[in-house]
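Notes to accompany the following structure.
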Amino acid sequence: MKVMFEENLPIEIQADLTDFWLNCDSAHIWQAPFSSSYYDIQNKKTIKVIGIDDDGKVCGFGQFFYTLNNFEAVCLRGPVVKSPDHFEPFMQLVEKYFLDRKVGQLRISPYWAYPEAEQIVNRLKNLDYSAYYKDEVYTKTGRVSLDRSLDDIWLSFSKDTRKHIKKVDKYNILIKKPDSYDDALSGFNILKRMRTARGLTPMDENEFKGFYESFTCGDDWGTQFNAYHESDFLGTLWLARMKNISITVGYAVDRDKCPNGISIGIPLWWEGIKWAREKGCILFDVEGYDPDTPVESPLYHIHQHKQKFRPEPVQIISEHIKVLNSQKCLMYKAFDLKNRVQKKLNKFIHKSSY
């Protein structure tokens, strides 16, 4: 195997690379060759890593972006490899490249689901990777089967879930795709408010803009649905897809503006499910699902909402890290700790001044 490291994808390999991505069951949308602009708009310096086997065929691909001062090189939901046997030699060459450039650590999350994922997990152990979150080797999600008629999917929902979908017509609620970036931005703003209120990390607008320009505009690999009642904006859902699997990327609602107690998220997700099925997807991944989430968790209501669509629980490989330069990692952790302490101190001073 040989591996190419490119800042920009060579034109002569783009078609083969896209074909490879389309036909890999472990391929995720964040690793699509045509998603480069998603990272560029966020001003993230990315290195495209392309593995070529002995027959001259593409056998691996990953888009790695650098974090602060090259502390990390991160590959979201990747890298993508043709088979587990390609994973180790591919990653060994990747590690050498970033080690030579004094990167502190690698962070990766190959998009493989259990039980097939065990083959990749074993190879991660061989390469001395460890789970990013303590011993959390797998992360939980859920998938709705779309490989059946719409009627079968509809009837799999509870009577209460179907009732909320029917309320769209009853109360003249409009669900549509955005007509412009400003229209789409209304969805981002409501998501930002919701995540801030729940103490979750807010989404950066550049990340949203990158998604909009890379996926939503074309309505092929991604889309967005917004819900309105008269002049009120009720909620939003945006999605992306691979060849066989659709994923939810962002979702937020304004419950206070929803008429007559309708749970607007339910009809929004129903539109998303229908879109994914029309695009040929056989699975709808709710991107994070744990039916045992405790009530006190800020994610409790989100998981309860996802449960209404009866997803089958699935485990996929969580983020894993490997330290390449321990000195750089220690310097970054000290810098990060100093920043967090300073933020808490500033917050305390601000409160004490009133």
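How things are named: the first chain in the structure tokens is A, the next is B, and so on; residues count from 1 in each chain; ligands count from 1 in the order shown.
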Report task. Report the residues of range 43-119 of chain A whose backbone DSSP state falls under alpha helix (DSSP H), written as a list in words. Result -> Pro84, Asp85, His86, Phe87, Glu88, Pro89, Phe90, Met91, Gln92, Leu93, Val94, Glu95, Lys96, Tyr97, Phe98, Leu99, Asp100, Glu118 and Gln119 of chain A
Determine, counting only C-alpha atoms, which protein, DNA and RNA residues have an atom within 10 Å of an atom of range 206-209 of chain A; residues of the same chain fewer than 4 positions away are not included. Present the result as a PDB file with all heavy atoms, in the first residue's frame.
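Just written: around-v2.pdb:
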```pdb
ATOM      1  N   SER A  37     -15.479  21.528   0.989  1.00  0.00           N
ATOM      2  CA  SER A  37     -15.880  22.907   1.275  1.00  0.00           C
ATOM      3  C   SER A  37     -16.482  23.042   2.661  1.00  0.00           C
ATOM      4  O   SER A  37     -16.467  24.118   3.254  1.00  0.00           O
ATOM      5  CB  SER A  37     -16.875  23.412   0.225  1.00  0.00           C
ATOM      6  OG  SER A  37     -18.042  22.602   0.211  1.00  0.00           O
ATOM      7  N   TYR A  38     -17.018  21.936   3.193  1.00  0.00           N
ATOM      8  CA  TYR A  38     -17.568  21.946   4.553  1.00  0.00           C
ATOM      9  C   TYR A  38     -16.490  22.348   5.560  1.00  0.00           C
ATOM     10  O   TYR A  38     -16.742  23.104   6.498  1.00  0.00           O
ATOM     11  CB  TYR A  38     -18.120  20.559   4.879  1.00  0.00           C
ATOM     12  CG  TYR A  38     -18.558  20.372   6.318  1.00  0.00           C
ATOM     13  CD1 TYR A  38     -19.708  20.984   6.794  1.00  0.00           C
ATOM     14  CD2 TYR A  38     -17.824  19.583   7.193  1.00  0.00           C
ATOM     15  CE1 TYR A  38     -20.116  20.820   8.109  1.00  0.00           C
ATOM     16  CE2 TYR A  38     -18.223  19.402   8.515  1.00  0.00           C
ATOM     17  CZ  TYR A  38     -19.373  20.019   8.958  1.00  0.00           C
ATOM     18  OH  TYR A  38     -19.765  19.855  10.264  1.00  0.00           O
ATOM     19  N   TYR A  39     -15.280  21.865   5.341  1.00  0.00           N
ATOM     20  CA  TYR A  39     -14.158  22.204   6.221  1.00  0.00           C
ATOM     21  C   TYR A  39     -13.535  23.546   5.841  1.00  0.00           C
ATOM     22  O   TYR A  39     -13.125  24.318   6.710  1.00  0.00           O
ATOM     23  CB  TYR A  39     -13.098  21.106   6.162  1.00  0.00           C
ATOM     24  CG  TYR A  39     -13.590  19.760   6.642  1.00  0.00           C
ATOM     25  CD1 TYR A  39     -13.940  18.758   5.743  1.00  0.00           C
ATOM     26  CD2 TYR A  39     -13.720  19.488   7.996  1.00  0.00           C
ATOM     27  CE1 TYR A  39     -14.398  17.525   6.180  1.00  0.00           C
ATOM     28  CE2 TYR A  39     -14.179  18.262   8.451  1.00  0.00           C
ATOM     29  CZ  TYR A  39     -14.520  17.285   7.535  1.00  0.00           C
ATOM     30  OH  TYR A  39     -14.983  16.066   7.971  1.00  0.00           O
ATOM     31  N   ASP A  40     -13.481  23.831   4.535  1.00  0.00           N
ATOM     32  CA  ASP A  40     -12.838  25.061   4.077  1.00  0.00           C
ATOM     33  C   ASP A  40     -13.542  26.298   4.617  1.00  0.00           C
ATOM     34  O   ASP A  40     -12.888  27.266   5.032  1.00  0.00           O
ATOM     35  CB  ASP A  40     -12.815  25.108   2.541  1.00  0.00           C
ATOM     36  CG  ASP A  40     -11.941  24.022   1.945  1.00  0.00           C
ATOM     37  OD1 ASP A  40     -11.091  23.482   2.678  1.00  0.00           O
ATOM     38  OD2 ASP A  40     -12.122  23.703   0.755  1.00  0.00           O
ATOM     39  N   ILE A  41     -14.881  26.274   4.616  1.00  0.00           N
ATOM     40  CA  ILE A  41     -15.641  27.426   5.086  1.00  0.00           C
ATOM     41  C   ILE A  41     -15.408  27.658   6.577  1.00  0.00           C
ATOM     42  O   ILE A  41     -15.490  28.783   7.068  1.00  0.00           O
ATOM     43  CB  ILE A  41     -17.146  27.240   4.772  1.00  0.00           C
ATOM     44  CG1 ILE A  41     -17.353  27.302   3.246  1.00  0.00           C
ATOM     45  CG2 ILE A  41     -18.013  28.286   5.462  1.00  0.00           C
ATOM     46  CD1 ILE A  41     -18.718  26.901   2.790  1.00  0.00           C
ATOM     47  N   GLN A  42     -15.096  26.587   7.304  1.00  0.00           N
ATOM     48  CA  GLN A  42     -14.799  26.724   8.738  1.00  0.00           C
ATOM     49  C   GLN A  42     -13.347  27.121   8.992  1.00  0.00           C
ATOM     50  O   GLN A  42     -12.907  27.200  10.138  1.00  0.00           O
ATOM     51  CB  GLN A  42     -15.076  25.395   9.447  1.00  0.00           C
ATOM     52  CG  GLN A  42     -16.534  24.946   9.370  1.00  0.00           C
ATOM     53  CD  GLN A  42     -16.729  23.599  10.029  1.00  0.00           C
ATOM     54  OE1 GLN A  42     -16.519  23.443  11.224  1.00  0.00           O
ATOM     55  NE2 GLN A  42     -17.140  22.607   9.247  1.00  0.00           N
ATOM     56  N   ASN A  43     -12.612  27.367   7.896  1.00  0.00           N
ATOM     57  CA  ASN A  43     -11.192  27.739   7.988  1.00  0.00           C
ATOM     58  C   ASN A  43     -10.359  26.667   8.691  1.00  0.00           C
ATOM     59  O   ASN A  43      -9.427  26.970   9.438  1.00  0.00           O
ATOM     60  CB  ASN A  43     -11.036  29.085   8.723  1.00  0.00           C
ATOM     61  CG  ASN A  43     -11.673  30.228   7.959  1.00  0.00           C
ATOM     62  OD1 ASN A  43     -11.523  30.325   6.747  1.00  0.00           O
ATOM     63  ND2 ASN A  43     -12.404  31.078   8.664  1.00  0.00           N
ATOM     64  N   TYR A 181     -30.228  31.294   2.208  1.00  0.00           N
ATOM     65  CA  TYR A 181     -29.379  31.076   3.385  1.00  0.00           C
ATOM     66  C   TYR A 181     -29.981  31.731   4.622  1.00  0.00           C
ATOM     67  O   TYR A 181     -29.955  31.160   5.717  1.00  0.00           O
ATOM     68  CB  TYR A 181     -27.968  31.611   3.130  1.00  0.00           C
ATOM     69  CG  TYR A 181     -27.072  31.449   4.350  1.00  0.00           C
ATOM     70  CD1 TYR A 181     -26.664  30.183   4.772  1.00  0.00           C
ATOM     71  CD2 TYR A 181     -26.669  32.559   5.086  1.00  0.00           C
ATOM     72  CE1 TYR A 181     -25.860  30.022   5.894  1.00  0.00           C
ATOM     73  CE2 TYR A 181     -25.861  32.404   6.216  1.00  0.00           C
ATOM     74  CZ  TYR A 181     -25.464  31.132   6.610  1.00  0.00           C
ATOM     75  OH  TYR A 181     -24.689  30.976   7.727  1.00  0.00           O
ATOM     76  N   ALA A 184     -32.569  29.553   5.965  1.00  0.00           N
ATOM     77  CA  ALA A 184     -31.963  28.401   6.644  1.00  0.00           C
ATOM     78  C   ALA A 184     -31.366  28.807   7.988  1.00  0.00           C
ATOM     79  O   ALA A 184     -31.395  28.053   8.965  1.00  0.00           O
ATOM     80  CB  ALA A 184     -30.879  27.789   5.756  1.00  0.00           C
ATOM     81  N   LEU A 185     -30.837  30.034   8.051  1.00  0.00           N
ATOM     82  CA  LEU A 185     -30.171  30.518   9.257  1.00  0.00           C
ATOM     83  C   LEU A 185     -31.127  30.595  10.455  1.00  0.00           C
ATOM     84  O   LEU A 185     -30.689  30.500  11.605  1.00  0.00           O
ATOM     85  CB  LEU A 185     -29.551  31.887   8.995  1.00  0.00           C
ATOM     86  CG  LEU A 185     -28.528  32.404  10.008  1.00  0.00           C
ATOM     87  CD1 LEU A 185     -27.342  31.448  10.107  1.00  0.00           C
ATOM     88  CD2 LEU A 185     -28.052  33.804   9.611  1.00  0.00           C
ATOM     89  N   GLY A 187     -33.056  28.365  11.351  1.00  0.00           N
ATOM     90  CA  GLY A 187     -32.910  27.065  12.000  1.00  0.00           C
ATOM     91  C   GLY A 187     -31.666  27.005  12.861  1.00  0.00           C
ATOM     92  O   GLY A 187     -31.685  26.455  13.970  1.00  0.00           O
ATOM     93  N   PHE A 188     -30.570  27.572  12.346  1.00  0.00           N
ATOM     94  CA  PHE A 188     -29.333  27.590  13.134  1.00  0.00           C
ATOM     95  C   PHE A 188     -29.513  28.386  14.425  1.00  0.00           C
ATOM     96  O   PHE A 188     -29.063  27.976  15.494  1.00  0.00           O
ATOM     97  CB  PHE A 188     -28.199  28.209  12.304  1.00  0.00           C
ATOM     98  CG  PHE A 188     -27.011  28.605  13.132  1.00  0.00           C
ATOM     99  CD1 PHE A 188     -26.112  27.654  13.586  1.00  0.00           C
ATOM    100  CD2 PHE A 188     -26.799  29.937  13.484  1.00  0.00           C
ATOM    101  CE1 PHE A 188     -25.023  28.011  14.373  1.00  0.00           C
ATOM    102  CE2 PHE A 188     -25.711  30.308  14.260  1.00  0.00           C
ATOM    103  CZ  PHE A 188     -24.825  29.339  14.700  1.00  0.00           C
ATOM    104  N   GLU A 213     -23.806  25.161   2.336  1.00  0.00           N
ATOM    105  CA  GLU A 213     -23.256  25.323   0.993  1.00  0.00           C
ATOM    106  C   GLU A 213     -22.779  24.001   0.389  1.00  0.00           C
ATOM    107  O   GLU A 213     -22.806  23.833  -0.829  1.00  0.00           O
ATOM    108  CB  GLU A 213     -22.118  26.348   1.017  1.00  0.00           C
ATOM    109  CG  GLU A 213     -22.588  27.743   1.388  1.00  0.00           C
ATOM    110  CD  GLU A 213     -21.554  28.819   1.126  1.00  0.00           C
ATOM    111  OE1 GLU A 213     -20.488  28.490   0.574  1.00  0.00           O
ATOM    112  OE2 GLU A 213     -21.818  29.981   1.485  1.00  0.00           O
ATOM    113  N   SER A 214     -22.356  23.066   1.245  1.00  0.00           N
ATOM    114  CA  SER A 214     -21.848  21.788   0.737  1.00  0.00           C
ATOM    115  C   SER A 214     -22.955  20.789   0.439  1.00  0.00           C
ATOM    116  O   SER A 214     -22.826  19.963  -0.469  1.00  0.00           O
ATOM    117  CB  SER A 214     -20.880  21.169   1.751  1.00  0.00           C
ATOM    118  OG  SER A 214     -19.775  22.002   1.967  1.00  0.00           O
ATOM    119  N   PHE A 215     -24.049  20.845   1.212  1.00  0.00           N
ATOM    120  CA  PHE A 215     -25.063  19.789   1.111  1.00  0.00           C
ATOM    121  C   PHE A 215     -26.482  20.299   0.879  1.00  0.00           C
ATOM    122  O   PHE A 215     -27.175  19.848  -0.025  1.00  0.00           O
ATOM    123  CB  PHE A 215     -25.050  18.932   2.378  1.00  0.00           C
ATOM    124  CG  PHE A 215     -23.705  18.350   2.698  1.00  0.00           C
ATOM    125  CD1 PHE A 215     -23.000  18.753   3.817  1.00  0.00           C
ATOM    126  CD2 PHE A 215     -23.118  17.410   1.865  1.00  0.00           C
ATOM    127  CE1 PHE A 215     -21.758  18.232   4.117  1.00  0.00           C
ATOM    128  CE2 PHE A 215     -21.879  16.876   2.144  1.00  0.00           C
ATOM    129  CZ  PHE A 215     -21.187  17.290   3.271  1.00  0.00           C
ATOM    130  N   THR A 216     -26.939  21.261   1.692  1.00  0.00           N
ATOM    131  CA  THR A 216     -28.346  21.673   1.637  1.00  0.00           C
ATOM    132  C   THR A 216     -28.731  22.259   0.291  1.00  0.00           C
ATOM    133  O   THR A 216     -29.811  21.978  -0.233  1.00  0.00           O
ATOM    134  CB  THR A 216     -28.655  22.703   2.746  1.00  0.00           C
ATOM    135  OG1 THR A 216     -28.241  22.171   4.000  1.00  0.00           O
ATOM    136  CG2 THR A 216     -30.136  23.016   2.800  1.00  0.00           C
ATOM    137  N   VAL A 249     -28.411  15.762  11.409  1.00  0.00           N
ATOM    138  CA  VAL A 249     -27.263  16.611  11.694  1.00  0.00           C
ATOM    139  C   VAL A 249     -27.610  17.665  12.746  1.00  0.00           C
ATOM    140  O   VAL A 249     -26.827  17.953  13.633  1.00  0.00           O
ATOM    141  CB  VAL A 249     -26.758  17.288  10.405  1.00  0.00           C
ATOM    142  CG1 VAL A 249     -25.584  18.216  10.698  1.00  0.00           C
ATOM    143  CG2 VAL A 249     -26.350  16.239   9.379  1.00  0.00           C
ATOM    144  N   GLY A 250     -28.797  18.251  12.654  1.00  0.00           N
ATOM    145  CA  GLY A 250     -29.223  19.265  13.609  1.00  0.00           C
ATOM    146  C   GLY A 250     -30.726  19.270  13.752  1.00  0.00           C
ATOM    147  O   GLY A 250     -31.459  19.021  12.783  1.00  0.00           O
TER     148      GLY A 250
END
```
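Shortest separation to Gln31 in chain A among A:Arg123, A:Lys45, A:Arg77, A:Lys2 occurs at residue A:Arg77, atoms counted being only C-alpha atoms.
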Near range 252-265 of chain A, counting only C-alpha atoms, which residues have an atom at most 8 Å away, once you skip same-chain residues fewer than 2 positions from it, shown as a short mmCIF file (atom, residue, chain, number, x, y, z; two decimals) with N, CA and C atoms, in the first residue's frame?
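result20.cif written:
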```cif
data_model
loop_
_atom_site.label_atom_id
_atom_site.label_comp_id
_atom_site.auth_asym_id
_atom_site.auth_seq_id
_atom_site.Cartn_x
_atom_site.Cartn_y
_atom_site.Cartn_z
N HIS A 164 -49.65 13.48 16.14
CA HIS A 164 -48.93 14.74 16.02
C HIS A 164 -48.59 15.05 14.56
N LYS A 167 -51.60 16.57 12.86
CA LYS A 167 -51.95 17.93 13.29
C LYS A 167 -51.38 19.00 12.37
N TYR A 171 -53.83 22.25 11.78
CA TYR A 171 -53.53 23.59 12.26
C TYR A 171 -52.78 24.45 11.23
N GLY A 187 -33.06 28.36 11.35
CA GLY A 187 -32.91 27.07 12.00
C GLY A 187 -31.67 27.01 12.86
N ILE A 190 -32.19 28.96 16.22
CA ILE A 190 -32.99 28.28 17.24
C ILE A 190 -32.21 27.12 17.85
N LEU A 191 -31.38 26.46 17.06
CA LEU A 191 -30.54 25.38 17.60
C LEU A 191 -29.51 25.95 18.57
N MET A 194 -31.20 26.71 21.86
CA MET A 194 -31.56 25.50 22.58
C MET A 194 -30.34 24.86 23.24
N ALA A 227 -40.28 24.45 9.95
CA ALA A 227 -41.72 24.44 10.23
C ALA A 227 -42.19 25.83 10.64
N HIS A 229 -45.81 28.36 11.55
CA HIS A 229 -47.25 28.54 11.79
C HIS A 229 -47.53 30.03 11.71
N ASP A 232 -44.86 32.60 12.79
CA ASP A 232 -43.96 32.02 13.80
C ASP A 232 -43.09 30.91 13.22
N PHE A 233 -41.81 30.93 13.58
CA PHE A 233 -40.88 29.85 13.22
C PHE A 233 -40.92 28.82 14.34
N LEU A 234 -41.27 27.57 14.03
CA LEU A 234 -41.50 26.56 15.06
C LEU A 234 -40.31 25.62 15.29
N GLY A 235 -39.58 25.32 14.24
CA GLY A 235 -38.50 24.35 14.42
C GLY A 235 -37.81 24.01 13.12
N THR A 236 -36.74 23.22 13.25
CA THR A 236 -35.93 22.88 12.09
C THR A 236 -35.30 21.50 12.24
N LEU A 237 -35.01 20.90 11.13
CA LEU A 237 -34.27 19.62 11.08
C LEU A 237 -33.42 19.65 9.84
N GLY A 250 -28.80 18.25 12.65
CA GLY A 250 -29.22 19.26 13.61
C GLY A 250 -30.73 19.27 13.75
N PRO A 267 -43.51 15.70 13.18
CA PRO A 267 -43.71 15.83 11.72
C PRO A 267 -42.45 16.25 10.97
N LEU A 268 -41.56 17.03 11.61
CA LEU A 268 -40.30 17.37 10.95
C LEU A 268 -39.49 16.11 10.65
N TRP A 269 -39.40 15.22 11.62
CA TRP A 269 -38.64 13.98 11.42
C TRP A 269 -39.34 13.06 10.43
N HIS A 305 -37.64 11.91 22.41
CA HIS A 305 -38.20 12.24 21.09
C HIS A 305 -37.80 11.18 20.06
#
```
Report task. Skip range 139-143 of chain A itself and residues of its chain fewer than 5 positions away, then list as a VMD selection string all residues within 6 Å of it, counting only C-alpha atoms. Result -> chain A and resid 284 to 289 311 to 316 318
